[in-house]
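What follows is the content of my_file.txt (compact mmCIF, C-alpha atoms).
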```
# COMPACT_ATOMS: atom_id res chain seq x y z
CA MET D 1 35.36 24.86 45.95
CA LYS D 2 36.51 27.75 43.69
CA LYS D 3 38.82 25.36 41.84
CA THR D 4 35.96 22.94 41.25
CA VAL D 5 33.68 25.70 39.90
CA SER D 6 36.42 26.97 37.58
CA ILE D 7 36.93 23.52 36.06
CA PHE D 8 33.16 23.11 35.60
CA LEU D 9 32.86 26.49 33.80
CA LEU D 10 35.82 25.64 31.58
CA PHE D 11 34.14 22.35 30.61
CA ILE D 12 30.92 24.18 29.61
CA LEU D 13 32.88 26.69 27.50
CA MET D 14 34.71 23.92 25.64
CA PHE D 15 31.41 22.08 24.95
CA GLN D 16 29.79 25.24 23.47
CA MET D 17 32.78 25.82 21.20
CA MET D 18 32.60 22.26 19.90
CA ALA D 19 28.84 22.50 19.33
CA CYS D 20 29.25 25.69 17.32
CA GLY D 21 31.52 23.81 14.96
CA ILE D 22 28.82 21.24 13.98
CA GLU D 23 27.29 22.05 10.58
CA LYS D 24 23.66 21.06 10.03
CA LYS D 25 23.19 19.91 6.44
CA PRO D 26 19.79 19.43 4.76
CA ILE D 27 18.90 16.00 3.41
CA GLN D 28 19.39 16.04 -0.36
CA GLY D 29 17.72 13.84 -2.95
CA THR D 30 19.39 10.57 -3.84
CA GLU D 31 22.04 10.46 -6.50
CA ASN D 32 21.29 9.39 -10.07
CA THR D 33 20.12 5.79 -10.37
CA GLU D 34 19.24 3.44 -13.22
CA ASN D 35 15.59 2.62 -13.91
CA ASN D 36 14.45 -0.77 -15.20
CA ASN D 37 14.98 0.37 -18.78
CA GLY D 38 18.58 1.32 -18.14
CA SER D 39 18.15 5.06 -18.62
CA SER D 40 19.57 7.50 -16.10
CA VAL D 41 17.03 9.26 -13.93
CA SER D 42 17.67 11.98 -11.41
CA GLY D 43 16.51 12.23 -7.80
CA ILE D 44 14.82 15.24 -6.20
CA SER D 45 15.45 18.47 -8.08
CA ASP D 46 18.08 20.80 -6.64
CA ASP D 47 15.56 23.38 -5.45
CA ILE D 48 13.73 20.86 -3.27
CA THR D 49 15.48 20.58 0.10
CA LEU D 50 14.21 18.42 2.93
CA ASN D 51 15.11 19.59 6.44
CA THR D 52 15.94 16.94 9.03
CA ASP D 53 14.27 19.04 11.73
CA ASP D 54 10.77 18.67 10.28
CA THR D 55 10.73 15.55 8.07
CA GLU D 56 8.41 13.83 10.54
CA ASP D 57 6.13 16.86 10.81
CA PHE D 58 4.75 17.48 7.32
CA ARG D 59 1.54 17.18 5.35
CA ILE D 60 0.74 15.79 1.91
CA GLY D 61 -2.02 17.39 -0.15
CA ILE D 62 -4.08 15.26 -2.57
CA VAL D 63 -6.51 16.85 -5.04
CA THR D 64 -8.97 14.67 -6.97
CA GLY D 65 -12.27 14.89 -8.76
CA SER D 66 -15.54 14.31 -6.90
CA PHE D 67 -17.20 10.95 -6.28
CA ALA D 68 -19.49 11.66 -9.23
CA GLN D 69 -16.60 12.10 -11.66
CA SER D 70 -13.69 10.14 -10.15
CA GLU D 71 -14.84 7.88 -7.32
CA ASP D 72 -11.79 5.60 -7.43
CA ASP D 73 -9.36 8.52 -7.32
CA ARG D 74 -11.12 9.95 -4.29
CA ARG D 75 -11.29 6.64 -2.43
CA GLY D 76 -7.56 6.14 -2.95
CA ALA D 77 -6.88 9.55 -1.40
CA GLU D 78 -9.15 8.76 1.54
CA THR D 79 -7.45 5.40 2.08
CA PHE D 80 -4.06 7.12 2.31
CA MET D 81 -5.52 9.58 4.84
CA GLU D 82 -6.94 6.71 6.90
CA LYS D 83 -3.52 5.06 6.93
CA TYR D 84 -1.56 8.09 8.16
CA GLY D 85 -4.19 10.29 9.81
CA GLU D 86 -5.98 13.56 9.07
CA ASP D 87 -3.13 15.53 10.66
CA LYS D 88 -0.78 14.28 7.93
CA VAL D 89 -3.00 14.61 4.85
CA THR D 90 -5.04 17.41 3.27
CA LEU D 91 -7.72 16.48 0.72
CA ALA D 92 -9.39 18.74 -1.83
CA ILE D 93 -11.76 18.35 -4.80
CA TYR D 94 -11.57 20.33 -8.02
CA PRO D 95 -14.86 21.37 -9.74
CA ASP D 96 -16.80 18.74 -11.71
CA ASN D 97 -17.07 21.16 -14.61
CA PHE D 98 -13.36 21.93 -14.58
CA THR D 99 -13.30 22.88 -18.25
CA GLU D 100 -15.60 25.82 -17.51
CA GLU D 101 -14.16 26.58 -14.07
CA TYR D 102 -10.48 26.84 -14.91
CA ASP D 103 -9.69 29.57 -12.38
CA ALA D 104 -11.49 27.72 -9.59
CA THR D 105 -9.54 24.57 -10.41
CA VAL D 106 -6.23 26.44 -10.27
CA GLN D 107 -7.14 28.12 -6.99
CA THR D 108 -8.25 24.85 -5.39
CA ILE D 109 -4.79 23.40 -5.97
CA VAL D 110 -2.86 26.55 -5.08
CA ASN D 111 -4.76 27.04 -1.81
CA ILE D 112 -3.22 23.88 -0.35
CA SER D 113 0.27 25.38 -0.64
CA GLU D 114 -0.64 28.09 1.86
CA ASP D 115 -0.19 25.57 4.68
CA PRO D 116 3.50 25.83 5.68
CA LYS D 117 3.53 22.13 6.65
CA ILE D 118 2.64 21.01 3.13
CA LYS D 119 5.64 19.30 1.49
CA VAL D 120 3.86 17.56 -1.41
CA ILE D 121 0.84 18.30 -3.61
CA ILE D 122 -0.58 15.52 -5.79
CA VAL D 123 -3.33 16.07 -8.37
CA ASN D 124 -5.08 12.97 -9.72
CA GLN D 125 -6.45 13.30 -12.35
CA ALA D 126 -4.32 16.28 -13.35
CA VAL D 127 -6.97 18.14 -15.35
CA GLU D 128 -6.64 21.45 -17.19
CA GLY D 129 -5.30 24.09 -14.82
CA THR D 130 -2.91 21.79 -12.98
CA ALA D 131 0.17 23.07 -14.84
CA GLU D 132 -0.74 26.69 -14.09
CA ALA D 133 -1.38 25.85 -10.44
CA PHE D 134 2.00 24.13 -10.15
CA ARG D 135 3.68 27.12 -11.80
CA GLN D 136 2.17 29.47 -9.23
CA ILE D 137 3.07 27.15 -6.36
CA LYS D 138 6.69 26.87 -7.49
CA GLU D 139 7.00 30.67 -7.61
CA ASN D 140 6.18 30.97 -3.90
CA ARG D 141 7.03 27.52 -2.53
CA PRO D 142 9.80 25.89 -4.61
CA ASP D 143 10.28 23.41 -1.74
CA ILE D 144 6.92 21.74 -2.45
CA ILE D 145 7.06 18.55 -4.54
CA CYS D 146 4.38 18.80 -7.26
CA ILE D 147 3.11 15.50 -8.69
CA ALA D 148 0.61 14.99 -11.53
CA GLY D 149 -1.29 11.73 -11.84
CA GLU D 150 -2.98 10.99 -15.18
CA ALA D 151 -2.16 14.31 -16.84
CA TYR D 152 -4.71 15.87 -19.18
CA GLU D 153 -2.42 18.66 -20.37
CA ASP D 154 0.41 18.21 -22.88
CA PHE D 155 3.37 16.49 -21.31
CA SER D 156 5.62 19.31 -22.51
CA ASP D 157 3.58 21.74 -20.38
CA ILE D 158 2.92 19.70 -17.26
CA GLY D 159 6.37 18.09 -17.34
CA ALA D 160 8.03 21.51 -17.23
CA VAL D 161 6.45 22.46 -13.88
CA ALA D 162 5.77 19.12 -12.18
CA ASP D 163 8.50 17.23 -10.37
CA LEU D 164 6.86 13.93 -11.35
CA VAL D 165 4.18 12.94 -13.86
CA VAL D 166 2.65 9.45 -13.92
CA SER D 167 0.03 8.48 -16.50
CA CYS D 168 -1.54 5.35 -17.91
CA ASP D 169 0.59 3.92 -20.72
CA PHE D 170 -1.48 4.97 -23.73
CA VAL D 171 1.19 3.71 -26.13
CA SER D 172 1.53 0.13 -24.88
CA ARG D 173 -2.16 -0.18 -24.02
CA GLY D 174 -3.20 1.15 -27.44
CA TYR D 175 -1.53 -1.91 -28.92
CA LEU D 176 -2.29 -4.39 -26.12
CA MET D 177 -6.04 -3.77 -25.98
CA ILE D 178 -6.31 -4.55 -29.69
CA ARG D 179 -4.09 -7.59 -29.29
CA ASN D 180 -6.23 -8.82 -26.39
CA ALA D 181 -9.48 -8.22 -28.29
CA HIS D 182 -8.08 -10.23 -31.20
CA GLU D 183 -7.04 -13.07 -28.87
CA LEU D 184 -10.62 -13.17 -27.54
CA GLY D 185 -12.03 -13.50 -31.05
CA CYS D 186 -13.14 -9.94 -31.77
CA ASP D 187 -13.23 -8.69 -35.37
CA THR D 188 -14.03 -5.00 -34.67
CA PHE D 189 -12.86 -2.40 -32.15
CA VAL D 190 -15.18 0.56 -31.46
CA HIS D 191 -13.67 3.71 -29.89
CA ILE D 192 -16.11 6.12 -28.17
CA SER D 193 -15.03 9.67 -27.29
CA PHE D 194 -15.65 13.40 -27.92
CA PRO D 195 -13.66 16.37 -29.32
CA ARG D 196 -12.15 17.58 -26.01
CA HIS D 197 -10.58 14.22 -25.25
CA LEU D 198 -9.50 13.68 -28.84
CA SER D 199 -7.56 16.94 -28.67
CA TYR D 200 -5.25 15.48 -26.00
CA GLU D 201 -1.96 14.08 -27.22
CA THR D 202 -2.40 10.91 -25.16
CA VAL D 203 -5.83 10.15 -26.65
CA SER D 204 -5.06 11.14 -30.24
CA ARG D 205 -1.89 9.05 -30.28
CA GLU D 206 -3.68 6.11 -28.69
CA VAL D 207 -6.35 6.28 -31.41
CA ALA D 208 -3.64 6.19 -34.10
CA ILE D 209 -1.94 3.24 -32.38
CA MET D 210 -5.23 1.34 -32.01
CA GLU D 211 -6.08 1.86 -35.67
CA ALA D 212 -2.63 0.67 -36.75
CA ALA D 213 -2.86 -2.38 -34.47
CA CYS D 214 -6.28 -3.25 -35.89
CA GLY D 215 -4.65 -3.26 -39.33
CA GLU D 216 -1.94 -5.62 -38.07
CA PHE D 217 -4.47 -8.05 -36.58
CA GLY D 218 -6.94 -7.85 -39.45
CA MET D 219 -9.66 -6.09 -37.44
CA LYS D 220 -11.96 -3.21 -38.32
CA PHE D 221 -11.47 0.04 -36.36
CA ALA D 222 -14.49 2.33 -35.85
CA MET D 223 -15.12 5.57 -33.94
CA GLU D 224 -18.31 6.89 -32.37
CA THR D 225 -18.93 10.29 -30.74
CA ALA D 226 -20.75 10.73 -27.41
CA PRO D 227 -21.52 13.88 -25.37
CA ASP D 228 -18.84 15.34 -23.10
CA PRO D 229 -20.10 15.00 -19.47
CA THR D 230 -18.51 18.36 -18.56
CA THR D 231 -20.74 20.25 -21.02
CA ASP D 232 -24.41 21.14 -20.71
CA ALA D 233 -25.34 17.51 -21.30
CA GLY D 234 -23.89 16.65 -17.90
CA VAL D 235 -23.14 13.17 -16.62
CA VAL D 236 -26.77 12.02 -16.83
CA GLY D 237 -27.23 13.24 -20.41
CA ALA D 238 -23.97 11.64 -21.52
CA GLN D 239 -24.90 8.32 -19.92
CA ASN D 240 -28.39 8.32 -21.40
CA PHE D 241 -26.89 8.88 -24.86
CA ILE D 242 -24.84 5.69 -24.51
CA ARG D 243 -27.85 3.71 -23.30
CA GLU D 244 -30.00 4.92 -26.17
CA ASN D 245 -27.40 4.12 -28.82
CA MET D 246 -26.18 0.71 -27.63
CA PRO D 247 -28.84 -1.34 -29.50
CA GLU D 248 -28.01 0.44 -32.77
CA TRP D 249 -24.25 0.10 -32.29
CA VAL D 250 -24.40 -3.63 -31.53
CA GLU D 251 -26.60 -4.18 -34.58
CA LYS D 252 -24.15 -2.12 -36.67
CA TYR D 253 -20.90 -3.73 -35.49
CA GLY D 254 -22.06 -7.22 -34.49
CA GLN D 255 -21.64 -9.47 -31.48
CA ASN D 256 -17.87 -9.82 -31.93
CA ALA D 257 -17.03 -6.13 -31.52
CA ALA D 258 -15.06 -4.80 -28.55
CA TYR D 259 -15.90 -1.34 -27.18
CA PHE D 260 -13.77 1.27 -25.45
CA CYS D 261 -14.68 4.73 -24.11
CA THR D 262 -12.32 7.49 -22.97
CA ASN D 263 -14.54 8.83 -20.19
CA ASP D 264 -15.37 7.26 -16.81
CA ALA D 265 -18.98 8.43 -16.88
CA HIS D 266 -19.64 6.55 -20.15
CA THR D 267 -18.34 3.27 -18.73
CA GLU D 268 -21.36 2.15 -16.70
CA PRO D 269 -23.99 2.45 -19.45
CA LEU D 270 -21.57 0.91 -21.95
CA ILE D 271 -21.07 -2.20 -19.80
CA GLU D 272 -24.79 -2.29 -19.11
CA GLY D 273 -25.58 -2.26 -22.84
CA LEU D 274 -22.97 -4.88 -23.73
CA LEU D 275 -24.34 -7.23 -21.07
CA GLU D 276 -27.82 -6.85 -22.55
CA TYR D 277 -27.10 -6.78 -26.28
CA GLY D 278 -23.76 -8.54 -26.67
CA GLY D 279 -20.18 -7.49 -27.38
CA TYR D 280 -16.86 -7.25 -25.55
CA PHE D 281 -15.33 -4.82 -23.05
CA ILE D 282 -11.57 -5.35 -22.67
CA GLU D 283 -11.01 -2.75 -19.95
CA ALA D 284 -11.86 0.83 -19.02
CA ASP D 285 -9.79 3.87 -19.95
CA LEU D 286 -8.65 4.01 -16.31
CA PRO D 287 -9.27 0.35 -15.40
CA SER D 288 -10.89 -0.69 -12.14
CA PRO D 289 -13.14 -3.53 -10.97
CA VAL D 290 -15.41 -0.96 -9.35
CA LEU D 291 -15.58 1.49 -12.27
CA GLY D 292 -18.82 1.03 -14.17
CA TYR D 293 -19.39 -2.55 -13.13
CA PRO D 294 -21.22 -2.02 -9.79
CA GLY D 295 -23.79 0.33 -11.34
CA ALA D 296 -24.27 -1.84 -14.42
CA LEU D 297 -24.75 -4.92 -12.21
CA ASN D 298 -26.80 -3.19 -9.46
CA ILE D 299 -24.18 -3.97 -6.83
CA ASP D 300 -23.91 -1.42 -4.01
CA PHE D 301 -20.46 -1.17 -2.43
CA THR D 302 -21.21 2.04 -0.50
CA GLU D 303 -21.11 0.40 2.92
CA ASP D 304 -19.13 -2.65 1.81
CA LYS D 305 -15.87 -2.95 3.74
CA SER D 306 -14.68 -6.07 1.91
CA SER D 307 -11.27 -6.19 0.23
CA SER D 308 -10.59 -5.33 -3.41
CA GLU D 309 -10.19 -9.04 -4.15
CA GLU D 310 -13.58 -9.82 -2.58
CA LYS D 311 -15.29 -7.04 -4.51
CA LEU D 312 -13.77 -8.29 -7.76
CA LYS D 313 -15.10 -11.77 -7.02
CA LYS D 314 -18.63 -10.43 -6.42
CA ILE D 315 -18.50 -8.58 -9.73
CA GLU D 316 -17.09 -11.60 -11.55
CA ASN D 317 -19.85 -13.84 -10.19
CA ALA D 318 -22.48 -11.36 -11.35
CA ILE D 319 -20.89 -11.13 -14.81
CA VAL D 320 -20.95 -14.93 -15.13
CA GLU D 321 -24.59 -15.09 -14.01
CA LYS D 322 -25.54 -12.61 -16.73
CA GLY D 323 -23.76 -14.64 -19.42
CA GLY D 324 -20.77 -12.33 -19.77
CA ALA D 325 -17.99 -14.81 -18.96
CA GLY D 326 -14.96 -14.33 -21.20
CA ARG D 327 -16.21 -10.98 -22.56
CA PHE D 328 -15.50 -8.44 -19.81
CA GLY D 329 -12.12 -7.39 -18.47
CA THR D 330 -10.48 -5.08 -15.98
CA TRP D 331 -7.34 -4.61 -13.93
CA THR D 332 -7.60 -6.49 -10.65
CA TYR D 333 -6.75 -3.28 -8.77
CA SER D 334 -8.19 0.13 -9.60
CA TYR D 335 -5.82 2.39 -11.51
CA GLY D 336 -7.28 5.64 -10.13
CA TYR D 337 -7.32 4.32 -6.56
CA THR D 338 -3.74 3.04 -6.78
CA VAL D 339 -2.43 6.24 -8.36
CA SER D 340 -3.90 8.47 -5.62
CA ALA D 341 -2.71 6.30 -2.76
CA GLY D 342 0.47 5.02 -4.44
CA LEU D 343 1.76 8.44 -5.47
CA ALA D 344 1.13 9.73 -1.95
CA GLU D 345 3.00 6.75 -0.48
CA HIS D 346 5.87 7.31 -2.89
CA ALA D 347 5.99 11.02 -2.06
CA ARG D 348 6.06 10.26 1.65
CA ASN D 349 8.99 7.91 1.13
CA VAL D 350 10.79 10.63 -0.81
CA VAL D 351 10.24 13.26 1.90
CA LEU D 352 11.58 10.78 4.45
CA ASN D 353 14.59 10.23 2.17
CA GLU D 354 13.71 6.55 1.71
CA SER D 355 13.09 6.71 -2.05
CA SER D 356 14.20 8.63 -5.11
CA LEU D 357 11.45 10.70 -6.71
CA THR D 358 12.10 9.63 -10.31
CA ASP D 359 13.15 6.03 -9.76
CA ILE D 360 10.52 3.82 -11.40
CA ASN D 361 11.41 0.91 -9.12
CA ASP D 362 10.71 3.01 -6.02
CA LEU D 363 7.48 4.20 -7.64
CA THR D 364 6.34 0.64 -8.37
CA LYS D 365 7.19 -0.42 -4.81
CA ALA D 366 4.82 2.25 -3.48
CA PHE D 367 2.07 1.24 -5.93
CA VAL D 368 2.27 -2.40 -4.84
CA GLU D 369 1.51 -1.26 -1.28
CA PHE D 370 -2.05 -0.67 -2.53
CA SER D 371 -2.20 -3.44 -5.15
CA PRO D 372 -0.54 -6.47 -3.52
CA GLY D 373 0.37 -9.17 -6.00
CA ALA D 374 -0.48 -7.07 -9.08
CA GLU D 375 1.90 -7.07 -12.04
CA TRP D 376 2.88 -3.62 -13.30
CA ASN D 377 4.94 -2.58 -16.29
CA GLY D 378 6.00 0.79 -17.60
CA SER D 379 8.71 3.02 -18.96
CA GLY D 380 9.83 6.61 -19.28
CA TYR D 381 7.95 8.83 -21.72
CA THR D 382 9.63 9.70 -25.03
CA ASP D 383 8.48 12.75 -27.00
CA VAL D 384 7.48 11.42 -30.42
CA GLU D 385 8.32 14.76 -32.08
CA THR D 386 11.82 15.26 -30.65
CA GLY D 387 12.81 11.75 -29.64
CA ASN D 388 13.80 13.09 -26.21
CA LYS D 389 13.08 10.95 -23.15
CA ALA D 390 11.70 12.86 -20.18
CA GLU D 391 13.34 12.05 -16.85
CA ASN D 392 10.28 12.91 -14.76
CA ILE D 393 7.40 11.40 -16.81
CA PHE D 394 6.44 7.74 -16.57
CA LEU D 395 3.80 5.63 -18.33
CA ILE D 396 2.54 2.55 -16.47
CA TYR D 397 0.02 -0.28 -16.87
CA GLN D 398 -1.22 -3.45 -15.16
CA ASP D 399 -2.07 -6.87 -16.58
CA THR D 400 -5.57 -7.37 -18.01
CA TYR D 401 -7.89 -9.82 -16.25
CA ILE D 402 -10.85 -11.32 -18.12
CA MET D 403 -13.69 -12.35 -15.83
CA GLY D 404 -15.16 -15.82 -16.17
CA ASP D 405 -15.51 -19.22 -14.54
CA PRO D 406 -12.63 -19.28 -14.03
CA GLY D 407 -11.23 -15.90 -15.02
CA PHE D 408 -7.81 -15.53 -16.62
CA TYR D 409 -5.04 -13.00 -17.22
CA MET D 410 -4.06 -11.96 -20.75
CA GLY D 411 -0.37 -11.71 -19.85
CA SER D 412 -0.26 -8.11 -21.08
CA THR D 413 2.70 -7.06 -18.93
CA LYS D 414 4.85 -9.77 -20.52
CA ILE D 415 4.04 -8.92 -24.15
CA GLU D 416 6.71 -6.95 -26.01
CA VAL D 417 5.09 -4.07 -27.88
CA PRO D 418 6.69 -3.66 -31.35
CA ASP D 419 8.99 -0.62 -31.56
CA LYS D 420 7.08 0.94 -34.45
CA TYR D 421 4.10 1.75 -32.18
CA PHE D 422 6.20 4.10 -30.06
CA THR D 423 6.67 6.46 -33.00
CA ILE D 424 3.09 6.48 -34.30
CA LYS D 425 1.32 9.84 -33.88
```
As structure tokens - that is how I would like this structure written.
Amino acid sequence: MKKTVSIFLLFILMFQMMACGIEKKPIQGTENTENNNGSSVSGISDDITLNTDDTEDFRIGIVTGSFAQSEDDRRGAETFMEKYGEDKVTLAIYPDNFTEEYDATVQTIVNISEDPKIKVIIVNQAVEGTAEAFRQIKENRPDIICIAGEAYEDFSDIGAVADLVVSCDFVSRGYLMIRNAHELGCDTFVHISFPRHLSYETVSREVAIMEAACGEFGMKFAMETAPDPTTDAGVVGAQNFIRENMPEWVEKYGQNAAYFCTNDAHTEPLIEGLLEYGGYFIEADLPSPVLGYPGALNIDFTEDKSSSEEKLKKIENAIVEKGGAGRFGTWTYSYGYTVSAGLAEHARNVVLNESSLTDINDLTKAFVEFSPGAEWNGSGYTDVETGNKAENIFLIYQDTYIMGDPGFYMGSTKIEVPDKYFTIK
């Protein structure tokens, strides 16, 4: 009996010694890979370490605008929460008047990082204050992955503190929207915006590209100013301004003019006016079948549980009935919705060590989860001043669909944008 006990105790001692020699290593980001443009991109930054002990027990924070300002963005975030559960996702909304409530915007984003289970924070749209919020978060929680969707702030600022930045491709689209308008028979392109938006690099460069493209295609380029919805005018005042000016603008620019506005709130009254008075609408600034169109067509999707494809068909049928076939376009899947849900899906894959944070192919794969069958294109962002290509900033876009009977795609994702447009500023 004593001999048996001695052997048993010796076995336990040997097992403990062997166990003490096992080293637990954290999961690191993937090694450098090649994106679809052939440029080298890095994986997760060195200061972000994912622990195998808690990779299944983490939360993702998503901050968006309200339903009034950014309905698609919010619905995308809610869809991701529905997919994975409220115990895995934290949602927040920054102030509607974020330009006047900078500190509140920053604090809204920073507050999410106080939850120790948070591994990722995504802001879509990344309005003013996002860069400062990310800076504060990184000071206290460098392990949190910070992602900016549709960045408002200069890429040099947001790119320095965010681990990943994804925005609509203002360079390619600046050219492609003009090209598409020309293909549809338009002779004029009217750009509607306001000083705050025009001060952004993305918008100012897009304006310059659009104007240059109009010159190439023999079209007239015009600009109109409308109220900023974040000022005292508010959303209602800004929308009423568009409604009141549409008859005059159509008379001024003619039936063959295409219109574009840089603000979501302006989109509904613009579509409404073009349906009534004539003109073309290639696509919204942040394209979506359910941005502007439902309100302009008096279609209520509030309780509608139909698919994105079914909603698009309802809108297309209404456009045709009102005589708008061949004049109104969109992306078949909402950009804002896909960015909120797609970035969260991509981030989850990264935390689970199934994807590389800055691999555009992995990013696209996650986006397609919420836009099945859609064609996406994109590339890394290059600073026009320095010529340097950022490894963590990507510009993306989807093909343009023109509604009709039948509708048709413009083939935008297959068009090669001339090199000269990437250096216009």
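Among the candidates D:Asn256, D:Thr130, D:Ser66, D:Asn361, the one nearest to D:Ala160 when counting all atoms listed in the file is D:Thr130.
Counting only C-alpha atoms, the residue from D:Gly278, D:Pro294, D:Pro289, D:Pro269 that sits nearest to D:Tyr333 is D:Pro289.
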Close residues, D:Gln69 itself excluded, 12 Å, all atoms listed in the file, min 3 positions apart in chain, as an MDAnalysis selection string: chainID D and resid 64:66 72:75 93:98 124:125 127 229:230 234:236 263:267 291:292 336
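Every protein, DNA or RNA residue with an atom at most 6 Å from stretch 174-180 of chain D, where only C-alpha atoms count and chain neighbours fewer than 2 positions away do not, is listed here: Phe170, Val171, Ser172, His182, Glu183, Glu206, Ile209, Met210 and Ala213 of chain D.
Counting all atoms listed in the file and comparing D:Glu153, D:Glu101, D:Val161, D:Pro116, the residue that lies closest to D:Arg141 is D:Pro116.
Comparing D:Ala233, D:Ala212, D:Ile402, D:Val190 by their smallest distance to D:Lys252, the closest is D:Val190 (using only C-alpha atoms).
Nearest residue to D:Ile192 among D:Asp285, D:Glu78, D:Glu369, D:Asp383 is D:Asp285, counting only C-alpha atoms.
In this model, the gap between atom CA of D:Arg327 and atom CA of D:Ser193 comes to 21.2 Å.
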Hey, what's within 12 Å of D:Asn245 if we count all atoms listed in the file and toss same-chain stuff fewer than 4 positions away? As a ChimeraX atom specification, please? /D:192,224-227,238-241,249-252,266,269-270,272-274,277
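The gap separating atom CA of D:Asn317 from atom CA of D:Tyr293 is 11.7 Å, in Å to one decimal.
Atom CA of D:Arg173 sits 10.7 Å away from atom CA of D:Ile415.
For the set D:Ala341, D:Ala366, D:Ala133, D:Ile145, the residue with the smallest atom-to-atom gap to D:Ala104 is D:Ala133, counting all atoms listed in the file.
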Take every atom of stretch 252-260 of chain D listed in the file, fit an axis-aligned box around them, add 8 Å per side, and give the centre and edge lengths in Å to one decimal as lines of an AutoDock Vina configuration file.
```
center_x = -19.0
center_y = -4.3
center_z = -31.1
size_x = 26.4
size_y = 27.1
size_z = 27.2
```
Could you list as a ChimeraX atom specification every residue that has an atom within 10 Å of (-26.2, -12.5, -26.6), using the file's coordinates and counting all atoms listed in the file? /D:255,274-279,322-324
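Excluding D:Gly149 itself and same-chain residues fewer than 3 positions from it, the residues having an atom within 9 Å of it are Ile122, Val123, Asn124, Gln125, Ala126, Leu164, Val165, Val166, Ser167, Cys168, Gly336, Val339, Ser340 and Leu343 of chain D, counting only C-alpha atoms.
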Non-local contacts of D:Leu297 (8 Å; only C-alpha atoms; under 5 positions in same chain excluded) as a PyMOL selection string: chain D and resi 272+315+318-319
What does the file look like for those residues with C-alpha atoms, as a tab-separated table (two decimals), in the frame of the given file?
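out15.tsv was written with the following content:
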```tsv
chain	number	residue	atom	x	y	z
D	272	GLU	CA	-24.79	-2.29	-19.11
D	315	ILE	CA	-18.50	-8.58	-9.73
D	318	ALA	CA	-22.48	-11.36	-11.35
D	319	ILE	CA	-20.89	-11.13	-14.81
```
Select stretch 192-205 of chain D in the preceding structure and write N, CA and C atoms to a file as a PDB file, in the first residue's frame.
```
ATOM      1  N   ILE D 192     -24.483  69.918 -54.633  1.00  0.00           N
ATOM      2  CA  ILE D 192     -25.126  70.675 -53.563  1.00  0.00           C
ATOM      3  C   ILE D 192     -24.444  70.356 -52.234  1.00  0.00           C
ATOM      4  N   SER D 193     -23.976  71.397 -51.537  1.00  0.00           N
ATOM      5  CA  SER D 193     -23.280  71.172 -50.267  1.00  0.00           C
ATOM      6  C   SER D 193     -23.310  72.443 -49.423  1.00  0.00           C
ATOM      7  N   PHE D 194     -22.423  72.533 -48.424  1.00  0.00           N
ATOM      8  CA  PHE D 194     -22.323  73.698 -47.544  1.00  0.00           C
ATOM      9  C   PHE D 194     -20.881  73.792 -47.039  1.00  0.00           C
ATOM     10  N   PRO D 195     -20.476  74.932 -46.473  1.00  0.00           N
ATOM     11  CA  PRO D 195     -19.073  75.172 -46.108  1.00  0.00           C
ATOM     12  C   PRO D 195     -18.425  74.103 -45.238  1.00  0.00           C
ATOM     13  N   ARG D 196     -19.141  73.561 -44.236  1.00  0.00           N
ATOM     14  CA  ARG D 196     -18.516  72.575 -43.351  1.00  0.00           C
ATOM     15  C   ARG D 196     -18.060  71.345 -44.131  1.00  0.00           C
ATOM     16  N   HIS D 197     -18.935  70.829 -44.980  1.00  0.00           N
ATOM     17  CA  HIS D 197     -18.561  69.665 -45.776  1.00  0.00           C
ATOM     18  C   HIS D 197     -17.456  69.991 -46.788  1.00  0.00           C
ATOM     19  N   LEU D 198     -17.540  71.161 -47.381  1.00  0.00           N
ATOM     20  CA  LEU D 198     -16.544  71.540 -48.378  1.00  0.00           C
ATOM     21  C   LEU D 198     -15.159  71.734 -47.778  1.00  0.00           C
ATOM     22  N   SER D 199     -15.093  71.866 -46.450  1.00  0.00           N
ATOM     23  CA  SER D 199     -13.794  72.009 -45.793  1.00  0.00           C
ATOM     24  C   SER D 199     -13.100  70.668 -45.596  1.00  0.00           C
ATOM     25  N   TYR D 200     -13.838  69.557 -45.780  1.00  0.00           N
ATOM     26  CA  TYR D 200     -13.231  68.236 -45.638  1.00  0.00           C
ATOM     27  C   TYR D 200     -12.401  67.915 -46.868  1.00  0.00           C
ATOM     28  N   GLU D 201     -11.272  67.266 -46.644  1.00  0.00           N
ATOM     29  CA  GLU D 201     -10.411  66.880 -47.763  1.00  0.00           C
ATOM     30  C   GLU D 201     -11.155  65.986 -48.753  1.00  0.00           C
ATOM     31  N   THR D 202     -11.910  65.018 -48.232  1.00  0.00           N
ATOM     32  CA  THR D 202     -12.602  64.088 -49.113  1.00  0.00           C
ATOM     33  C   THR D 202     -13.587  64.799 -50.037  1.00  0.00           C
ATOM     34  N   VAL D 203     -14.331  65.766 -49.494  1.00  0.00           N
ATOM     35  CA  VAL D 203     -15.328  66.480 -50.294  1.00  0.00           C
ATOM     36  C   VAL D 203     -14.671  67.462 -51.257  1.00  0.00           C
ATOM     37  N   SER D 204     -13.698  68.226 -50.770  1.00  0.00           N
ATOM     38  CA  SER D 204     -13.054  69.222 -51.631  1.00  0.00           C
ATOM     39  C   SER D 204     -12.320  68.558 -52.804  1.00  0.00           C
ATOM     40  N   ARG D 205     -11.668  67.431 -52.531  1.00  0.00           N
ATOM     41  CA  ARG D 205     -10.986  66.730 -53.622  1.00  0.00           C
ATOM     42  C   ARG D 205     -11.991  66.119 -54.597  1.00  0.00           C
TER      43      ARG D 205
END
```
